[in-house]
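**Student:** Structure file start12.cif (mmCIF, C-alpha atoms) is given on the next line.
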```
data_target
loop_
_atom_site.label_atom_id
_atom_site.label_comp_id
_atom_site.auth_asym_id
_atom_site.auth_seq_id
_atom_site.Cartn_x
_atom_site.Cartn_y
_atom_site.Cartn_z
CA MET A 1 -0.65 -2.64 -19.70
CA ASP A 2 -3.94 -4.38 -19.01
CA LEU A 3 -6.38 -5.54 -21.65
CA LEU A 4 -9.14 -2.94 -21.89
CA LEU A 5 -12.82 -3.78 -21.72
CA SER A 6 -13.39 -1.69 -24.86
CA ASP A 7 -11.08 -4.01 -26.84
CA ILE A 8 -13.07 -7.10 -25.84
CA TYR A 9 -16.40 -5.39 -26.48
CA GLU A 10 -15.48 -4.13 -29.95
CA SER A 11 -14.02 -7.50 -30.95
CA TYR A 12 -16.86 -9.73 -29.74
CA LYS A 13 -20.05 -7.68 -29.44
CA ASN A 14 -21.42 -9.12 -32.69
CA ARG A 15 -20.31 -12.69 -32.13
CA PHE A 16 -21.88 -12.86 -28.67
CA GLN A 17 -24.66 -10.34 -29.36
CA MET A 18 -23.49 -8.14 -26.49
CA GLU A 19 -25.39 -4.89 -26.13
CA LEU A 20 -24.11 -2.00 -24.04
CA ALA A 21 -27.05 -0.81 -21.94
CA ALA A 22 -25.27 1.86 -19.89
CA GLY A 23 -21.87 3.10 -18.70
CA GLU A 24 -20.18 3.75 -22.04
CA ALA A 25 -17.77 6.21 -20.36
CA GLY A 26 -16.23 3.29 -18.44
CA LEU A 27 -15.31 1.11 -21.41
CA SER A 28 -11.67 2.08 -20.96
CA ARG A 29 -11.54 0.13 -17.68
CA PRO A 30 -8.88 -2.61 -17.54
CA MET A 31 -10.19 -6.18 -17.78
CA LYS A 32 -8.11 -8.74 -15.91
CA TRP A 33 -10.40 -11.76 -15.59
CA VAL A 34 -13.89 -13.16 -16.20
CA TYR A 35 -16.04 -14.15 -13.23
CA VAL A 36 -19.40 -15.93 -13.38
CA THR A 37 -21.48 -15.59 -10.22
CA GLU A 38 -25.07 -15.47 -9.00
CA ASP A 39 -24.33 -14.41 -5.43
CA TYR A 40 -23.20 -10.82 -4.88
CA THR A 41 -22.34 -11.63 -1.25
CA THR A 42 -19.17 -13.34 -2.52
CA ALA A 43 -17.88 -10.01 -3.85
CA ASP A 44 -15.19 -9.88 -1.16
CA PHE A 45 -13.34 -12.60 -3.07
CA LEU A 46 -12.93 -10.30 -6.08
CA ARG A 47 -9.61 -8.51 -6.63
CA GLY A 48 -10.71 -5.86 -9.11
CA GLY A 49 -10.73 -5.80 -12.90
CA GLU A 50 -13.08 -8.75 -13.38
CA LEU A 51 -15.76 -8.74 -16.07
CA VAL A 52 -18.68 -10.30 -14.18
CA ILE A 53 -21.41 -12.43 -15.79
CA THR A 54 -24.68 -13.43 -14.11
CA THR A 55 -27.88 -15.17 -15.18
CA GLY A 56 -29.83 -13.79 -12.20
CA VAL A 57 -30.99 -17.26 -11.15
CA VAL A 58 -31.57 -16.08 -7.56
CA SER A 59 -32.78 -12.58 -8.45
CA GLY A 60 -36.48 -13.23 -8.75
CA GLY A 61 -36.37 -10.69 -11.57
CA SER A 62 -36.05 -7.88 -9.00
CA SER A 63 -34.38 -4.61 -9.91
CA ASP A 64 -33.63 -4.13 -6.20
CA TRP A 65 -31.53 -7.28 -6.34
CA LEU A 66 -29.71 -5.91 -9.37
CA MET A 67 -29.04 -2.61 -7.60
CA ARG A 68 -27.47 -4.44 -4.67
CA PHE A 69 -25.48 -6.56 -7.13
CA LEU A 70 -24.21 -3.45 -8.93
CA GLU A 71 -23.30 -1.69 -5.69
CA ARG A 72 -21.12 -4.61 -4.62
CA MET A 73 -19.48 -5.02 -8.04
CA ILE A 74 -18.66 -1.31 -8.32
CA ARG A 75 -17.32 -1.22 -4.78
CA ARG A 76 -14.95 -4.09 -5.66
CA ASN A 77 -13.75 -2.19 -8.74
CA THR A 78 -14.80 -4.81 -11.28
CA SER A 79 -14.59 -3.73 -14.92
CA GLY A 80 -18.23 -4.38 -15.92
CA LEU A 81 -21.29 -6.63 -15.69
CA ILE A 82 -23.01 -8.82 -18.31
CA LEU A 83 -26.64 -9.80 -17.70
CA ASN A 84 -27.55 -13.06 -19.44
CA LEU A 85 -31.20 -12.31 -20.30
CA GLY A 86 -33.77 -15.04 -20.84
CA ALA A 87 -34.59 -17.63 -18.23
CA TYR A 88 -34.35 -15.51 -15.07
CA LEU A 89 -33.91 -11.90 -16.22
CA ASP A 90 -35.67 -9.84 -18.86
CA ARG A 91 -35.26 -6.29 -20.14
CA GLY A 92 -37.71 -5.02 -17.57
CA ILE A 93 -34.93 -5.21 -15.01
CA LEU A 94 -33.16 -2.33 -16.79
CA THR A 95 -35.02 0.39 -14.92
CA GLU A 96 -34.15 4.09 -15.12
CA GLN A 97 -32.64 3.79 -11.66
CA VAL A 98 -30.35 0.97 -12.76
CA LEU A 99 -29.26 2.71 -15.96
CA SER A 100 -28.72 6.04 -14.23
CA TYR A 101 -26.67 4.39 -11.50
CA CYS A 102 -24.34 2.80 -14.05
CA GLU A 103 -23.98 6.05 -15.98
CA THR A 104 -23.14 7.98 -12.82
CA HIS A 105 -20.45 5.50 -11.83
CA ARG A 106 -19.16 5.05 -15.40
CA TYR A 107 -19.79 1.33 -14.99
CA PRO A 108 -20.44 -0.67 -18.19
CA LEU A 109 -23.59 -2.77 -18.06
CA PHE A 110 -24.14 -5.25 -20.90
CA VAL A 111 -26.98 -7.56 -21.83
CA MET A 112 -26.59 -10.82 -23.76
CA PRO A 113 -29.30 -13.24 -24.97
CA TRP A 114 -29.85 -16.57 -23.26
CA HIS A 115 -28.95 -18.75 -26.25
CA ILE A 116 -25.33 -17.56 -26.10
CA HIS A 117 -23.44 -20.24 -24.18
CA LEU A 118 -21.48 -18.90 -21.22
CA TYR A 119 -18.87 -21.58 -21.77
CA ASP A 120 -18.07 -20.13 -25.20
CA VAL A 121 -17.92 -16.60 -23.82
CA THR A 122 -15.61 -17.39 -20.92
CA ARG A 123 -13.34 -19.64 -23.02
CA VAL A 124 -12.81 -16.97 -25.67
CA PHE A 125 -12.30 -14.19 -23.13
CA TYR A 126 -9.83 -16.28 -21.13
CA GLU A 127 -7.88 -16.95 -24.33
CA GLN A 128 -7.75 -13.25 -25.15
CA ILE A 129 -6.58 -12.38 -21.64
CA TYR A 130 -3.84 -15.01 -21.92
CA LEU A 131 -2.68 -13.86 -25.36
CA HIS A 132 -2.73 -10.21 -24.30
CA THR A 133 -0.75 -11.04 -21.18
CA ARG A 134 1.90 -12.82 -23.27
CA ARG A 135 2.19 -9.88 -25.67
CA ASP A 136 2.29 -7.42 -22.80
CA GLU A 137 5.07 -9.37 -21.09
CA GLU A 138 7.16 -9.07 -24.26
CA LEU A 139 6.43 -5.35 -24.49
CA ARG A 140 7.18 -4.81 -20.80
CA ALA A 141 10.47 -6.70 -21.14
CA ALA A 142 11.45 -4.54 -24.14
CA PHE A 143 10.70 -1.29 -22.32
CA SER A 144 12.47 -2.56 -19.19
CA THR A 145 15.56 -3.30 -21.27
CA LEU A 146 15.60 0.23 -22.66
CA LEU A 147 14.93 1.81 -19.28
CA SER A 148 17.89 0.02 -17.71
CA GLN A 149 20.37 0.52 -20.55
CA ASP A 150 21.19 4.16 -19.80
CA ALA A 151 21.26 4.11 -16.01
CA GLY A 152 24.49 6.08 -15.79
CA VAL A 153 26.53 3.08 -14.60
CA LYS A 154 30.08 2.75 -15.89
CA ALA A 155 30.90 -0.29 -17.97
CA ASP A 156 32.79 -3.12 -16.29
CA PRO A 157 36.50 -2.37 -16.89
CA HIS A 158 37.26 -6.11 -17.00
CA LEU A 159 35.20 -6.55 -20.18
CA GLN A 160 37.10 -6.53 -23.43
CA GLU A 161 37.18 -3.20 -25.21
CA GLY A 162 33.95 -2.70 -27.14
CA GLY A 163 32.36 -5.79 -25.62
CA ALA A 164 30.02 -3.96 -23.26
CA ALA A 165 28.98 -1.44 -25.89
CA SER A 166 28.33 -4.23 -28.40
CA ALA A 167 26.15 -6.21 -25.97
CA GLN A 168 24.25 -3.09 -24.97
CA GLY A 169 23.67 -2.11 -28.59
CA SER A 170 22.42 -5.59 -29.43
CA SER A 171 19.87 -5.67 -26.60
CA LYS A 172 18.71 -2.16 -27.47
CA SER A 173 18.16 -3.15 -31.07
CA ALA A 174 16.21 -6.26 -30.11
CA ALA A 175 14.01 -4.29 -27.72
CA ALA A 176 13.41 -1.58 -30.31
CA ALA A 177 12.36 -4.25 -32.82
CA VAL A 178 9.76 -5.62 -30.39
CA LEU A 179 8.38 -2.12 -29.84
CA GLU A 180 8.28 -1.44 -33.59
CA GLU A 181 6.16 -4.55 -34.11
CA ALA A 182 3.81 -3.38 -31.34
CA GLY A 183 3.31 0.02 -32.98
CA PHE A 184 5.99 2.06 -31.20
CA PRO A 185 8.22 3.29 -34.05
CA ALA A 186 11.97 3.00 -33.56
CA GLN A 187 12.46 6.55 -34.87
CA GLY A 188 9.63 8.15 -32.89
CA SER A 189 9.92 10.88 -30.26
CA TYR A 190 9.41 9.73 -26.65
CA CYS A 191 9.18 11.26 -23.20
CA THR A 192 9.07 9.45 -19.87
CA ALA A 193 7.65 10.31 -16.46
CA LEU A 194 8.36 8.53 -13.18
CA PHE A 195 6.05 8.67 -10.16
CA HIS A 196 6.40 8.10 -6.43
CA THR A 197 2.93 7.19 -5.20
CA PRO A 198 1.40 5.23 -2.30
CA ASP A 199 -0.38 2.89 -4.72
CA PRO A 200 1.54 2.30 -8.00
CA ALA A 201 -1.00 -0.29 -9.22
CA ARG A 202 -3.91 2.15 -8.85
CA LEU A 203 -1.97 4.92 -10.60
CA SER A 204 -1.08 2.52 -13.39
CA GLY A 205 -4.78 1.75 -13.90
CA ILE A 206 -5.71 5.45 -13.96
CA LEU A 207 -3.01 6.29 -16.52
CA SER A 208 -3.97 3.26 -18.65
CA GLU A 209 -7.59 4.42 -18.74
CA MET A 210 -6.45 7.92 -19.70
CA LEU A 211 -4.33 6.57 -22.54
CA ALA A 212 -7.33 4.64 -23.84
CA ARG A 213 -9.26 7.93 -24.15
CA HIS A 214 -6.32 10.04 -25.30
CA PRO A 215 -4.98 10.31 -28.87
CA ALA A 216 -1.38 10.02 -27.66
CA GLN A 217 0.20 6.57 -27.75
CA GLY A 218 1.91 5.42 -24.60
CA TYR A 219 2.70 2.62 -22.21
CA VAL A 220 2.40 2.38 -18.41
CA MET A 221 4.35 0.02 -16.22
CA THR A 222 5.39 -0.33 -12.61
CA HIS A 223 9.15 -0.10 -12.22
CA LEU A 224 10.41 -1.41 -8.88
CA ARG A 225 8.14 0.43 -6.38
CA ASP A 226 7.30 3.27 -8.74
CA CYS A 227 5.07 3.83 -11.73
CA CYS A 228 6.51 4.82 -15.11
CA LEU A 229 4.77 6.34 -18.13
CA ILE A 230 6.37 6.31 -21.58
CA LEU A 231 4.56 8.66 -23.94
CA ARG A 232 5.03 9.36 -27.63
CA ALA A 233 5.40 13.13 -27.46
CA GLN A 234 7.18 15.87 -29.34
CA SER A 235 7.83 17.98 -26.24
CA THR A 236 7.76 17.80 -22.47
CA GLU A 237 4.84 20.24 -22.64
CA GLU A 238 2.71 17.45 -24.12
CA MET A 239 3.60 15.24 -21.17
CA LYS A 240 2.75 18.04 -18.71
CA GLN A 241 -0.63 18.58 -20.39
CA PHE A 242 -1.38 14.86 -20.26
CA LEU A 243 -0.52 14.62 -16.56
CA ALA A 244 -2.55 17.73 -15.79
CA LEU A 245 -5.64 15.71 -16.75
CA ALA A 246 -4.78 13.16 -14.05
CA ALA A 247 -3.83 15.60 -11.29
CA GLU A 248 -7.13 15.32 -9.41
CA GLN A 249 -7.10 11.52 -9.55
CA ILE A 250 -3.57 11.01 -8.23
CA PRO A 251 -3.20 12.81 -4.87
CA ASP A 252 -0.09 12.30 -2.75
CA THR A 253 1.93 11.65 -5.90
CA ARG A 254 5.13 13.29 -7.10
CA ALA A 255 6.30 13.16 -10.70
CA GLY A 256 9.60 13.62 -12.47
CA ILE A 257 9.52 14.26 -16.22
CA GLY A 258 12.52 13.46 -18.41
CA ASP A 259 13.48 15.10 -21.67
CA CYS A 260 12.08 14.17 -25.08
CA VAL A 261 14.40 11.84 -26.99
CA GLU A 262 14.51 10.85 -30.64
CA GLY A 263 14.35 7.12 -31.11
CA ALA A 264 13.08 4.31 -28.91
CA ALA A 265 16.65 3.22 -28.17
CA GLN A 266 17.17 6.50 -26.26
CA ILE A 267 14.22 6.03 -23.86
CA GLY A 268 16.64 5.01 -21.10
CA ARG A 269 18.22 8.46 -21.13
CA SER A 270 14.86 10.16 -20.70
CA PHE A 271 14.03 7.74 -17.88
CA ARG A 272 17.31 8.49 -16.07
CA HIS A 273 16.61 12.22 -16.31
CA ALA A 274 13.05 11.67 -15.06
CA LYS A 275 14.40 9.70 -12.10
CA CYS A 276 16.90 12.43 -11.22
CA ALA A 277 14.25 15.15 -11.62
CA LEU A 278 11.92 13.21 -9.32
CA SER A 279 14.61 12.91 -6.63
CA LEU A 280 15.35 16.62 -6.89
CA GLY A 281 11.65 17.51 -6.76
CA GLU A 282 11.05 15.37 -3.68
CA GLN A 283 13.86 17.16 -1.87
CA GLN A 284 12.28 20.51 -2.77
CA GLU A 285 8.76 19.20 -2.01
CA ARG A 286 7.53 19.86 -5.53
CA THR A 287 4.63 17.90 -7.01
CA MET A 288 6.09 17.88 -10.52
CA THR A 289 9.68 18.47 -11.62
CA VAL A 290 10.65 18.72 -15.30
CA TYR A 291 14.22 17.94 -16.37
CA ASP A 292 14.22 20.75 -18.94
CA GLU A 293 13.37 23.25 -16.21
CA THR A 294 16.07 22.31 -13.67
CA GLY A 295 18.77 24.67 -14.98
CA ILE A 296 22.33 23.76 -14.04
CA PHE A 297 21.08 20.47 -12.56
CA GLN A 298 20.74 19.21 -16.14
CA LEU A 299 24.53 19.20 -16.39
CA LEU A 300 24.91 17.46 -13.03
CA MET A 301 22.45 14.72 -13.99
CA ASP A 302 24.70 13.69 -16.87
CA VAL A 303 27.79 13.23 -14.70
CA GLN A 304 28.01 9.44 -14.59
CA ASP A 305 30.39 9.25 -11.61
CA THR A 306 28.77 11.13 -8.74
CA GLY A 307 32.07 10.77 -6.90
CA ASP A 308 33.40 13.50 -9.20
CA LEU A 309 30.66 15.84 -7.98
CA ARG A 310 31.35 15.00 -4.35
CA ARG A 311 35.07 15.60 -4.72
CA TYR A 312 34.44 18.92 -6.49
CA SER A 313 32.00 20.21 -3.88
CA GLU A 314 34.31 19.16 -1.03
CA LYS A 315 37.25 20.90 -2.68
CA MET A 316 35.28 24.14 -3.01
CA LEU A 317 33.36 24.12 0.29
CA SER A 318 35.16 21.90 2.82
CA ALA A 319 36.84 24.86 4.55
CA VAL A 320 33.50 26.64 5.01
CA HIS A 321 31.80 23.54 6.40
CA ALA A 322 34.73 22.90 8.75
CA TYR A 323 34.49 26.47 10.09
CA ASP A 324 30.73 26.10 10.63
CA ARG A 325 31.20 22.85 12.56
CA ALA A 326 33.89 24.39 14.75
CA HIS A 327 32.01 27.63 15.50
CA ASN A 328 28.39 26.42 15.27
CA SER A 329 27.80 29.04 12.57
CA ASP A 330 26.20 29.16 9.13
CA LEU A 331 28.79 30.73 6.87
CA ALA A 332 27.84 28.23 4.18
CA GLY A 333 24.27 29.56 4.11
CA THR A 334 25.50 33.13 3.80
CA LEU A 335 28.00 32.18 1.09
CA TYR A 336 25.31 30.40 -0.89
CA LEU A 337 23.00 33.42 -0.78
CA TYR A 338 25.90 35.72 -1.65
CA VAL A 339 26.81 33.87 -4.86
CA LEU A 340 23.15 33.28 -5.66
CA HIS A 341 22.39 37.02 -5.46
CA ASN A 342 25.52 37.96 -7.38
CA GLY A 343 27.28 39.63 -4.44
CA SER A 344 24.44 41.89 -3.29
CA VAL A 345 24.69 42.32 0.50
CA ARG A 346 21.26 43.95 0.58
CA ASP A 347 19.62 40.99 -1.16
CA VAL A 348 21.43 38.52 1.09
CA ALA A 349 20.28 40.37 4.22
CA GLY A 350 16.69 40.34 2.94
CA ALA A 351 16.77 36.65 2.09
CA ALA A 352 18.41 35.69 5.41
CA PHE A 353 16.24 38.05 7.51
CA CYS A 354 19.29 39.62 9.17
CA HIS A 355 21.06 43.01 9.30
CA ARG A 356 23.53 44.06 6.61
CA ASN A 357 26.25 44.45 9.23
CA THR A 358 25.84 40.78 10.11
CA VAL A 359 26.19 39.82 6.45
CA ASN A 360 29.26 42.06 6.03
CA HIS A 361 30.87 40.47 9.12
CA ARG A 362 30.37 36.97 7.71
CA ILE A 363 31.66 38.03 4.30
CA ARG A 364 34.81 39.42 5.96
CA ILE A 365 35.43 36.03 7.60
CA LEU A 366 34.97 34.29 4.26
CA ARG A 367 37.38 36.68 2.55
CA GLU A 368 40.04 37.21 5.17
CA ASP A 369 39.99 34.15 7.43
CA LEU A 370 39.16 31.52 4.83
CA GLY A 371 40.74 33.25 1.84
CA ILE A 372 37.78 32.76 -0.51
CA ASP A 373 37.80 34.97 -3.61
CA LEU A 374 34.33 36.51 -3.85
CA ASP A 375 35.11 39.26 -6.36
CA SER A 376 35.56 37.09 -9.44
CA PRO A 377 32.31 36.28 -11.28
CA GLY A 378 33.93 33.04 -12.45
CA ARG A 379 34.74 32.00 -8.87
CA ARG A 380 31.22 32.81 -7.70
CA LEU A 381 29.86 30.60 -10.50
CA GLU A 382 32.16 27.78 -9.41
CA LEU A 383 30.96 28.12 -5.82
CA LEU A 384 27.32 28.07 -6.96
CA ALA A 385 28.03 24.90 -8.97
CA ALA A 386 29.50 23.32 -5.82
CA PHE A 387 26.37 24.16 -3.80
CA ARG A 388 24.16 22.79 -6.57
CA SER A 389 26.24 19.61 -6.58
CA GLU A 390 25.66 19.19 -2.84
CA THR A 391 21.93 19.69 -3.30
CA TYR A 392 21.83 17.16 -6.12
CA LEU A 393 23.81 14.55 -4.19
CA GLU A 394 21.55 14.96 -1.17
CA ALA A 395 18.51 14.46 -3.42
CA LEU A 396 19.91 11.20 -4.80
CA GLN A 397 20.33 9.84 -1.27
CA ARG A 398 16.67 10.32 -0.35
#
```
Rewrite the structure from the file as structure tokens, please.
**Tutor:**
Amino acid sequence: MDLLLSDIYESYKNRFQMELAAGEAGLSRPMKWVYVTEDYTTADFLRGGELVITTGVVSGGSSDWLMRFLERMIRRNTSGLILNLGAYLDRGILTEQVLSYCETHRYPLFVMPWHIHLYDVTRVFYEQIYLHTRRDEELRAAFSTLLSQDAGVKADPHLQEGGAASAQGSSKSAAAAVLEEAGFPAQGSYCTALFHTPDPARLSGILSEMLARHPAQGYVMTHLRDCCLILRAQSTEEMKQFLALAAEQIPDTRAGIGDCVEGAAQIGRSFRHAKCALSLGEQQERTMTVYDETGIFQLLMDVQDTGDLRRYSEKMLSAVHAYDRAHNSDLAGTLYLYVLHNGSVRDVAGAAFCHRNTVNHRIRILREDLGIDLDSPGRRLELLAAFRSETYLEALQR
């Protein structure tokens, strides 16, 4: 996660006599770099996240100049602006219009006296960015290790017995130790969420800002092309409540929420369940899918060899699918509704928008021509499990 502007401000406001003039609500913005400039027309070179410093040497002391400067800096998504007051700028430039503009846009505006050397400020801030980046890389590597440990992949059969488990346990322990040192207890309760979004970096920034204002401890990282949130939570309901706060800020985003696990070493299991829930939710066009609320799919998600699911569903349904291909029919759809509605022809007809006689005719084919037992509750449950397996396998292929 990025270094937050609030961390820098709290650590160095006294040393550099920094005073927050406006935009306190934006102190949770990520700070990625420090940029000293006097010319706001160079804003197109900015990448976002910079803490900008200016002396106003070309401003002429004009608040109009400052307004144009602020507009450009906010548009480029910089983290904040420091005005170096003294030789070219004085407090008179902090007009009501300027202060109100920063408050409205939640954009931190600082002032700093002239006798503070910009060299000292930039050197210290660069050092802090570097140190934070190093620590964050270690934390990211630890979380990545845990996320990949329980991916549902079978161990290599060529490894000596116990060798794979021993290596996995060792890496888990090392990762958990790194997290413990960073304030994520090894015995804590964790929940993960995985997101498909057009802009993972932007979503990561939004979630990081939310965590800075939220009492819950968590970590955000991009994983491959997705964004992942690991939250210290006692229940998936806490994760749902946290994400509800971000719903308006993250349009066109789908989320999968894993189960809560005890112990940092088990985070990979929650991540795998979040990934499966996300795939299932995308297939069903749901914005948010929670592992704990997926019913029988929870059992399917823990089958490590999906080939077993494919073989089971083919064994149970291959005859029906073959009949449909040969006759251009949809017996499979009728069979699914029949087992789903516990053998009620009336409910099947209502769900399929067809006459009961049509349903009865299809049921007769299933019973007599294909020899499928539809009277046994146990058999109907097995057929439903086969359909659910097909749905799950299709979701994983998306």
**Student:** Select, counting all atoms listed in the file, all protein, DNA and RNA residues no farther than 9 Å from (3.7, 1.9, -20.0) in file coordinates, and express the selection as a PDB file with C-alpha atoms, keeping the file's coordinate frame.
**Tutor:**
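Contents of selection-v2.pdb, as written:
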```pdb
ATOM      1  CA  MET A   1      -0.650  -2.640 -19.700  1.00  0.00           C
ATOM      2  CA  LEU A 139       6.430  -5.350 -24.490  1.00  0.00           C
ATOM      3  CA  ARG A 140       7.180  -4.810 -20.800  1.00  0.00           C
ATOM      4  CA  PHE A 143      10.700  -1.290 -22.320  1.00  0.00           C
ATOM      5  CA  SER A 204      -1.080   2.520 -13.390  1.00  0.00           C
ATOM      6  CA  LEU A 207      -3.010   6.290 -16.520  1.00  0.00           C
ATOM      7  CA  SER A 208      -3.970   3.260 -18.650  1.00  0.00           C
ATOM      8  CA  GLY A 218       1.910   5.420 -24.600  1.00  0.00           C
ATOM      9  CA  TYR A 219       2.700   2.620 -22.210  1.00  0.00           C
ATOM     10  CA  VAL A 220       2.400   2.380 -18.410  1.00  0.00           C
ATOM     11  CA  MET A 221       4.350   0.020 -16.220  1.00  0.00           C
ATOM     12  CA  THR A 222       5.390  -0.330 -12.610  1.00  0.00           C
ATOM     13  CA  CYS A 227       5.070   3.830 -11.730  1.00  0.00           C
ATOM     14  CA  CYS A 228       6.510   4.820 -15.110  1.00  0.00           C
ATOM     15  CA  LEU A 229       4.770   6.340 -18.130  1.00  0.00           C
ATOM     16  CA  ILE A 230       6.370   6.310 -21.580  1.00  0.00           C
ATOM     17  CA  LEU A 231       4.560   8.660 -23.940  1.00  0.00           C
TER      18      LEU A 231
END
```
**Student:** Give me the result of the PyMOL selection byres ((chain A and resi 342-344) around 12) on this file, residue by residue, as a PDB file with C-alpha atoms, in the frame of the given file.
**Tutor:**
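Here's the written file expr-v1.pdb:
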```pdb
ATOM      1  CA  THR A 334      25.500  33.130   3.800  1.00  0.00           C
ATOM      2  CA  LEU A 335      28.000  32.180   1.090  1.00  0.00           C
ATOM      3  CA  TYR A 336      25.310  30.400  -0.890  1.00  0.00           C
ATOM      4  CA  LEU A 337      23.000  33.420  -0.780  1.00  0.00           C
ATOM      5  CA  TYR A 338      25.900  35.720  -1.650  1.00  0.00           C
ATOM      6  CA  VAL A 339      26.810  33.870  -4.860  1.00  0.00           C
ATOM      7  CA  LEU A 340      23.150  33.280  -5.660  1.00  0.00           C
ATOM      8  CA  HIS A 341      22.390  37.020  -5.460  1.00  0.00           C
ATOM      9  CA  VAL A 345      24.690  42.320   0.500  1.00  0.00           C
ATOM     10  CA  ARG A 346      21.260  43.950   0.580  1.00  0.00           C
ATOM     11  CA  ASP A 347      19.620  40.990  -1.160  1.00  0.00           C
ATOM     12  CA  VAL A 348      21.430  38.520   1.090  1.00  0.00           C
ATOM     13  CA  ALA A 349      20.280  40.370   4.220  1.00  0.00           C
ATOM     14  CA  GLY A 350      16.690  40.340   2.940  1.00  0.00           C
ATOM     15  CA  ALA A 351      16.770  36.650   2.090  1.00  0.00           C
ATOM     16  CA  ARG A 356      23.530  44.060   6.610  1.00  0.00           C
ATOM     17  CA  VAL A 359      26.190  39.820   6.450  1.00  0.00           C
ATOM     18  CA  ASN A 360      29.260  42.060   6.030  1.00  0.00           C
ATOM     19  CA  ILE A 363      31.660  38.030   4.300  1.00  0.00           C
ATOM     20  CA  ASP A 373      37.800  34.970  -3.610  1.00  0.00           C
ATOM     21  CA  LEU A 374      34.330  36.510  -3.850  1.00  0.00           C
ATOM     22  CA  ASP A 375      35.110  39.260  -6.360  1.00  0.00           C
ATOM     23  CA  SER A 376      35.560  37.090  -9.440  1.00  0.00           C
ATOM     24  CA  PRO A 377      32.310  36.280 -11.280  1.00  0.00           C
ATOM     25  CA  GLY A 378      33.930  33.040 -12.450  1.00  0.00           C
ATOM     26  CA  ARG A 379      34.740  32.000  -8.870  1.00  0.00           C
ATOM     27  CA  ARG A 380      31.220  32.810  -7.700  1.00  0.00           C
ATOM     28  CA  LEU A 381      29.860  30.600 -10.500  1.00  0.00           C
ATOM     29  CA  LEU A 383      30.960  28.120  -5.820  1.00  0.00           C
ATOM     30  CA  LEU A 384      27.320  28.070  -6.960  1.00  0.00           C
TER      31      LEU A 384
END
```
**Student:** Need to verify the contact set: Arg269 in chain A, 9 Å, all atoms listed in the file, exclusion of same-chain residues closer than 2 positions in sequence. Can you return it as a JSON list (two decimals) with C-alpha atoms, keeping the file's coordinate frame?
**Tutor:**
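Saved to around-v6.json:
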```
[["chain", "number", "residue", "atom", "x", "y", "z"],
["A", 146, "LEU", "CA", 15.60, 0.23, -22.66],
["A", 147, "LEU", "CA", 14.93, 1.81, -19.28],
["A", 149, "GLN", "CA", 20.37, 0.52, -20.55],
["A", 150, "ASP", "CA", 21.19, 4.16, -19.80],
["A", 151, "ALA", "CA", 21.26, 4.11, -16.01],
["A", 152, "GLY", "CA", 24.49, 6.08, -15.79],
["A", 258, "GLY", "CA", 12.52, 13.46, -18.41],
["A", 259, "ASP", "CA", 13.48, 15.10, -21.67],
["A", 261, "VAL", "CA", 14.40, 11.84, -26.99],
["A", 265, "ALA", "CA", 16.65, 3.22, -28.17],
["A", 266, "GLN", "CA", 17.17, 6.50, -26.26],
["A", 267, "ILE", "CA", 14.22, 6.03, -23.86],
["A", 271, "PHE", "CA", 14.03, 7.74, -17.88],
["A", 272, "ARG", "CA", 17.31, 8.49, -16.07],
["A", 273, "HIS", "CA", 16.61, 12.22, -16.31],
["A", 274, "ALA", "CA", 13.05, 11.67, -15.06]]
```
**Student:** Might you spell out which residues the PyMOL selection byres ((chain A and resi 82-88) around 6) would select in the displayed file, as a list in words?
**Tutor:**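 Listing what the PyMOL selection byres ((chain A and resi 82-88) around 6) selects in the shown file: Ile53, Thr54, Thr55, Gly56, Val57, Leu81, Leu89, Asp90, Phe110, Val111, Met112, Pro113 and Trp114 of chain A.
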**Student:** Can you list, as a ChimeraX atom specification, the residues that the PyMOL selection byres ((chain A and resi 124) around 12) selects here?
**Tutor:** /A:8,11-12,15-16,33-34,117-123,125-131
